[in-house]
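S.K.: One structure follows; several queries about it will come next.
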Amino acid sequence: MTQTSPTRLHPRADRLGGLDGLRAIAVGLVLCYHLFPGALPGGFLGVDVFFVISGFLITTLLLREHAGTGRIRLGHFWRRRARRLLPALGLVLVVSTALALLIDRDLLVGIGRQISGAALFVSNWTSIVGGADYFARDAPELFRNTWSLAIEEQYYIVLPLILLLVVRIRGRAVRALPFMVLGAASALLMMVLAAAGTDPTRVYFGSDTHTFGLAFGAALALLVGPGARAQVHERPGAMAQLALSATTLAGLGTLGWLAATLPEGSPQSFAWGFQLASLAALVTVWSVTRPGAWIGAVLDARPLRWIGERSYGIYLWHWPLLLIASALFATALPQGVGAITLVTTIGIAAVSYRYVEEPVRRFGLRRSLAMLLRPAKATPQRRAVVAVMAAVLVVSAPATVFAVATAPTQTTAADAVERGKAALDAAAESKTAADPDAGVEEHADGEAGAPGSLSPEGPDMSAIGDSVMLASLPELEERFPGITIDAAVSRGMGVGVELASEQAGGGSVRPVLLVGLGTNGPVGAEELDALRASAGDRQLVLVNAHADRDWVPSVNETLAAYADAHRGVVLADWEGTISAAPNTALAGDGIHPNPSGGELYAECVQAALDELQQPGEGVGFSVPRR
């Protein structure tokens, strides 16, 4: 194979010692955070490490160009960035969209906005305007991870323009000052907006609030980059090497501590977490890139360097592949989704790097295609690669167009919840029309909510729940006519306790209180005690939760133990009921029930009510049902 073959390229001239190893660490943090939830709760900080590395590296390359030629060619710089980013990004967009069309149409909600935002490097702002929630787990966007790429590229429109001005100034510190000020202002703005209660996604995605890592990286390059010619070939002595190694370990240790302890979307993450992570990355970048530094050579170990060189493709592919793998395997192989995604991501990113990214980066698109298709140089391996890539593009491109044209406006989970909301609104309108002056419902003995009394209209039962109960509302009303239900999206047990107390104080809680609140957060025994106190001597039915969320197993254990320990409290086993049901009983998010799932929800509630009638559990009253 000739030297110009796209599969055997010259070593990259823009490498700086240790940075590929740092890239590998950064992408490893992100992968661990997304693929193995709970292992590294602060792994999202890997993106901030990328920002610092990128700001430092790109600025260094521009300074090298200026030092060698006396100018910075803006067109050449932006063309290089396009060659580096667009081929892999385009491949991810069309292939992932086609797979989503085939596997789970829920992933196509808002796909047109996502693709255009990613392709134009404005996805952070299109997500903010579209009301996306980065920290939501229920309806993740297929290309949510492109927000960071958008921030970088918006910054690189401005960076060379500022450099053209500052390189005319004498003195490194003075040159770096504008970027220091820009970085400090961005970090401070993140702190101020977060403290003021601004939407966390707006703060996290904002180009104004999250560019400090890029700016500080650029400032570091201006302080220690090209120009210190007398130091370029100096090898640090033993003491200096120890100091550099200690500095690197301190930086990496700080990043490791933050990644292991910092909660996502927390006040402390915005107040100081992102800023401290960027500072730790800055110190690490400085120490590993010093000429002759041992620690830089350690980070240049072949496995780390291999991953670091492919980190861009790994980052692009991992998120859409995770969502697609979750749709395929979350039910049959839930514990294997992360591993399957990891292996697939590494494999596809390696192929993309070898046959797409590097050839186009070095030779441009047209020349790369010519070399790839050149008959005289075609090996069996190359012919196979060409055939596979051609087939993928031929299928994916029109599939992407079709997916954008036919994308649903909302997910099946949203449809399920909307169905429940419509039933709730219809019931409220019917009640108002029947009795415009209706207030607290009067029961058979004339006392509102008297324990042990029966409503002649149906089961004497009140219900407080979250969106899972809301999605099941039509089936609950059909099974238990006359039930009163107060259910809402994203409701947790804390709110439920307050509602139960208010309803009990107003005399509107019926003899049986049904509570389904475990999907959206942890549940403590003290909250259940407060709930039982509000219920008084009424019967209490606790519905457990079914969701792929970290706290759900603990919630279910707490609810089961509490029901076992208290007379007049029983568990409705939604988790056990729905786990044994077909996949079609739930919407695409695997949480909210479809109509058939709603029937199962009502059945598990009925089983709990039957248990209440057994000796030793309740007061022995019957609950009419259809």
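In the structure tokens, chains take the letters A, B, ... in the order shown, each chain's residues start at 1, and ligands count up from 1 in the order shown.
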List the spatial neighbours of segment 265-282 of chain A as number ranges by chain - criterion: any atom at most 10 Å away, only C-alpha atoms, same-chain residues fewer than 6 positions off excluded.

M.R.: A: 22, 26, 42, 44-53, 56, 134-135, 183-184, 186-195, 197, 200-201, 203-204, 209-210, 212-214, 216-217, 219-220, 247-259

S.K.: So which residues of segment 242-458 of chain A fall under alpha helix (DSSP H) by DSSP, listed as a count of residues only?

M.R.: 151

S.K.: Fewer than 3 positions away in the same chain doesn't count, so skip those; otherwise give me all residues within 12 Å of Gln154 of chain A, counting only C-alpha atoms, as an NGL selection string.

M.R.: :A and (78 or 81 or 118 or 120-125 or 147-151 or 157-160 or 206-208 or 210-211 or 214)

S.K.: Need the shell around Asp20 of chain A: protein/DNA/RNA residues with any atom at most 9 Å away, counting only C-alpha atoms. Skip same-chain ones fewer than 5 positions apart. Format as a list in words?

M.R.: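 Neighbouring residues, sequence-local ones excluded: Arg15, Ile25, Leu299, Asp300, Leu304, Arg305, Trp306, Ile307, Gly308, Glu309 and Ser311 of chain A.
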
S.K.: Report the distance between atom CA of Ala426 of chain A and atom CA of Ala463 of chain A in Å, rounded to one decimal place.

M.R.: 17.2 Å

S.K.: With distances taken over only C-alpha atoms, which of A:Arg168, A:Arg113, A:Arg23, A:His76 is nearest to Phe143 of chain A?

M.R.: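 Going through A:Arg168, A:Arg113, A:Arg23, A:His76 one by one, the smallest distance to Phe143 of chain A is for A:Arg113.
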
S.K.: Could you check the closest approach to Ala504 of chain A for each of A:Ser352, A:Gln114, A:Ser534, A:Ser396 and tell me which residue wins, using only C-alpha atoms?

M.R.: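 Between A:Ser352, A:Gln114, A:Ser534, A:Ser396, the residue approaching Ala504 of chain A most closely is A:Ser534.
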
S.K.: Can you tell me, as a PDB file with C-alpha atoms, in the first residue's frame, what residues are no more than 9 Å from His34 of chain A when counting only C-alpha atoms, ignoring any on the same chain fewer than 5 positions away?

M.R.:
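And here is the file that came out, result-v1.pdb:
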ATOM      1  CA  LEU A  29     -15.341   9.681  32.298  1.00  0.00           C
ATOM      2  CA  LEU A  40     -19.250   7.911  38.370  1.00  0.00           C
ATOM      3  CA  GLY A  43     -18.417  11.739  34.970  1.00  0.00           C
ATOM      4  CA  PHE A  44     -20.099  14.482  32.943  1.00  0.00           C
ATOM      5  CA  HIS A 318     -21.786   6.545  22.236  1.00  0.00           C
ATOM      6  CA  TRP A 319     -24.938   8.514  23.051  1.00  0.00           C
ATOM      7  CA  LEU A 322     -26.839   3.940  23.948  1.00  0.00           C
ATOM      8  CA  GLY A 338     -23.822  -0.448  28.769  1.00  0.00           C
TER       9      GLY A 338
END

S.K.: Write out as an MDAnalysis selection string the set of residues from segment 469-613 of chain A that DSSP, computed on the backbone, places in strand (DSSP E).

M.R.: chainID A and resid 484:487 512:516 539:543 569:572

S.K.: Next, the residues of the selection above should be written as a PDB file, in the first residue's frame with N, CA, C and O atoms.

M.R.:
ATOM      1  N   THR A 484     -61.716   8.936  43.425  1.00  0.00           N
ATOM      2  CA  THR A 484     -61.187  10.284  43.177  1.00  0.00           C
ATOM      3  C   THR A 484     -59.676  10.183  43.040  1.00  0.00           C
ATOM      4  O   THR A 484     -59.011   9.571  43.884  1.00  0.00           O
ATOM      5  N   ILE A 485     -59.133  10.770  41.984  1.00  0.00           N
ATOM      6  CA  ILE A 485     -57.704  10.636  41.675  1.00  0.00           C
ATOM      7  C   ILE A 485     -57.076  12.018  41.537  1.00  0.00           C
ATOM      8  O   ILE A 485     -57.578  12.870  40.808  1.00  0.00           O
ATOM      9  N   ASP A 486     -55.958  12.213  42.223  1.00  0.00           N
ATOM     10  CA  ASP A 486     -55.136  13.420  42.089  1.00  0.00           C
ATOM     11  C   ASP A 486     -53.750  12.962  41.677  1.00  0.00           C
ATOM     12  O   ASP A 486     -52.940  12.540  42.505  1.00  0.00           O
ATOM     13  N   ALA A 487     -53.485  13.005  40.370  1.00  0.00           N
ATOM     14  CA  ALA A 487     -52.207  12.522  39.840  1.00  0.00           C
ATOM     15  C   ALA A 487     -51.604  13.577  38.931  1.00  0.00           C
ATOM     16  O   ALA A 487     -52.314  14.293  38.235  1.00  0.00           O
ATOM     17  N   VAL A 512     -60.278   4.530  52.061  1.00  0.00           N
ATOM     18  CA  VAL A 512     -59.086   3.883  51.508  1.00  0.00           C
ATOM     19  C   VAL A 512     -58.279   4.945  50.764  1.00  0.00           C
ATOM     20  O   VAL A 512     -58.804   5.645  49.897  1.00  0.00           O
ATOM     21  N   LEU A 513     -56.992   5.047  51.109  1.00  0.00           N
ATOM     22  CA  LEU A 513     -56.101   6.002  50.441  1.00  0.00           C
ATOM     23  C   LEU A 513     -55.080   5.219  49.630  1.00  0.00           C
ATOM     24  O   LEU A 513     -54.273   4.466  50.176  1.00  0.00           O
ATOM     25  N   LEU A 514     -55.134   5.394  48.311  1.00  0.00           N
ATOM     26  CA  LEU A 514     -54.214   4.743  47.378  1.00  0.00           C
ATOM     27  C   LEU A 514     -53.117   5.735  47.012  1.00  0.00           C
ATOM     28  O   LEU A 514     -53.404   6.847  46.557  1.00  0.00           O
ATOM     29  N   VAL A 515     -51.851   5.354  47.193  1.00  0.00           N
ATOM     30  CA  VAL A 515     -50.736   6.256  46.935  1.00  0.00           C
ATOM     31  C   VAL A 515     -49.739   5.566  46.003  1.00  0.00           C
ATOM     32  O   VAL A 515     -49.182   4.508  46.339  1.00  0.00           O
ATOM     33  N   GLY A 516     -49.500   6.155  44.842  1.00  0.00           N
ATOM     34  CA  GLY A 516     -48.512   5.645  43.878  1.00  0.00           C
ATOM     35  C   GLY A 516     -47.480   6.700  43.595  1.00  0.00           C
ATOM     36  O   GLY A 516     -47.600   7.457  42.627  1.00  0.00           O
ATOM     37  N   GLN A 539     -57.518   3.003  55.577  1.00  0.00           N
ATOM     38  CA  GLN A 539     -56.665   1.959  55.010  1.00  0.00           C
ATOM     39  C   GLN A 539     -55.722   2.597  53.968  1.00  0.00           C
ATOM     40  O   GLN A 539     -56.121   3.478  53.208  1.00  0.00           O
ATOM     41  N   LEU A 540     -54.482   2.119  53.940  1.00  0.00           N
ATOM     42  CA  LEU A 540     -53.459   2.727  53.081  1.00  0.00           C
ATOM     43  C   LEU A 540     -52.912   1.681  52.119  1.00  0.00           C
ATOM     44  O   LEU A 540     -52.427   0.620  52.543  1.00  0.00           O
ATOM     45  N   VAL A 541     -52.999   1.974  50.826  1.00  0.00           N
ATOM     46  CA  VAL A 541     -52.462   1.102  49.780  1.00  0.00           C
ATOM     47  C   VAL A 541     -51.294   1.819  49.114  1.00  0.00           C
ATOM     48  O   VAL A 541     -51.465   2.908  48.548  1.00  0.00           O
ATOM     49  N   LEU A 542     -50.110   1.227  49.173  1.00  0.00           N
ATOM     50  CA  LEU A 542     -48.895   1.807  48.598  1.00  0.00           C
ATOM     51  C   LEU A 542     -48.533   1.059  47.324  1.00  0.00           C
ATOM     52  O   LEU A 542     -48.322  -0.163  47.351  1.00  0.00           O
ATOM     53  N   VAL A 543     -48.454   1.756  46.215  1.00  0.00           N
ATOM     54  CA  VAL A 543     -48.096   1.147  44.933  1.00  0.00           C
ATOM     55  C   VAL A 543     -46.590   1.297  44.740  1.00  0.00           C
ATOM     56  O   VAL A 543     -46.055   2.409  44.816  1.00  0.00           O
ATOM     57  N   VAL A 569     -51.929  -1.363  56.257  1.00  0.00           N
ATOM     58  CA  VAL A 569     -51.138  -0.868  55.130  1.00  0.00           C
ATOM     59  C   VAL A 569     -50.768  -2.061  54.257  1.00  0.00           C
ATOM     60  O   VAL A 569     -50.227  -3.064  54.762  1.00  0.00           O
ATOM     61  N   VAL A 570     -51.071  -2.010  52.976  1.00  0.00           N
ATOM     62  CA  VAL A 570     -50.744  -3.113  52.068  1.00  0.00           C
ATOM     63  C   VAL A 570     -50.007  -2.563  50.851  1.00  0.00           C
ATOM     64  O   VAL A 570     -50.075  -1.377  50.535  1.00  0.00           O
ATOM     65  N   LEU A 571     -49.316  -3.464  50.167  1.00  0.00           N
ATOM     66  CA  LEU A 571     -48.538  -3.108  48.985  1.00  0.00           C
ATOM     67  C   LEU A 571     -49.248  -3.570  47.724  1.00  0.00           C
ATOM     68  O   LEU A 571     -49.661  -4.734  47.620  1.00  0.00           O
ATOM     69  N   ALA A 572     -49.400  -2.682  46.771  1.00  0.00           N
ATOM     70  CA  ALA A 572     -49.861  -3.033  45.425  1.00  0.00           C
ATOM     71  C   ALA A 572     -48.618  -3.244  44.572  1.00  0.00           C
ATOM     72  O   ALA A 572     -47.865  -2.292  44.306  1.00  0.00           O
TER      73      ALA A 572
END

S.K.: Pick out the closest residue to Met469 of chain A from this set: A:Pro236, A:Gly171, A:Pro595, A:Gly347. Count only C-alpha atoms.

M.R.: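 Among A:Pro236, A:Gly171, A:Pro595, A:Gly347, it is A:Pro595 that comes nearest to Met469 of chain A.
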
S.K.: Considering only C-alpha atoms, can you say which of A:Leu182, A:Leu62, A:Leu35, A:Leu531 comes closest to Val167 of chain A?

M.R.: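 Checking each of A:Leu182, A:Leu62, A:Leu35, A:Leu531 against Val167 of chain A, counting only C-alpha atoms, the winner is A:Leu62.
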
S.K.: Need to verify the contact set: Val166 of chain A, 12 Å, only C-alpha atoms, exclusion of same-chain residues closer than 6 positions in sequence. Can you return it as an MDAnalysis selection string?

M.R.: chainID A and resid 59 63 66 159:160 172:179 218:219 222
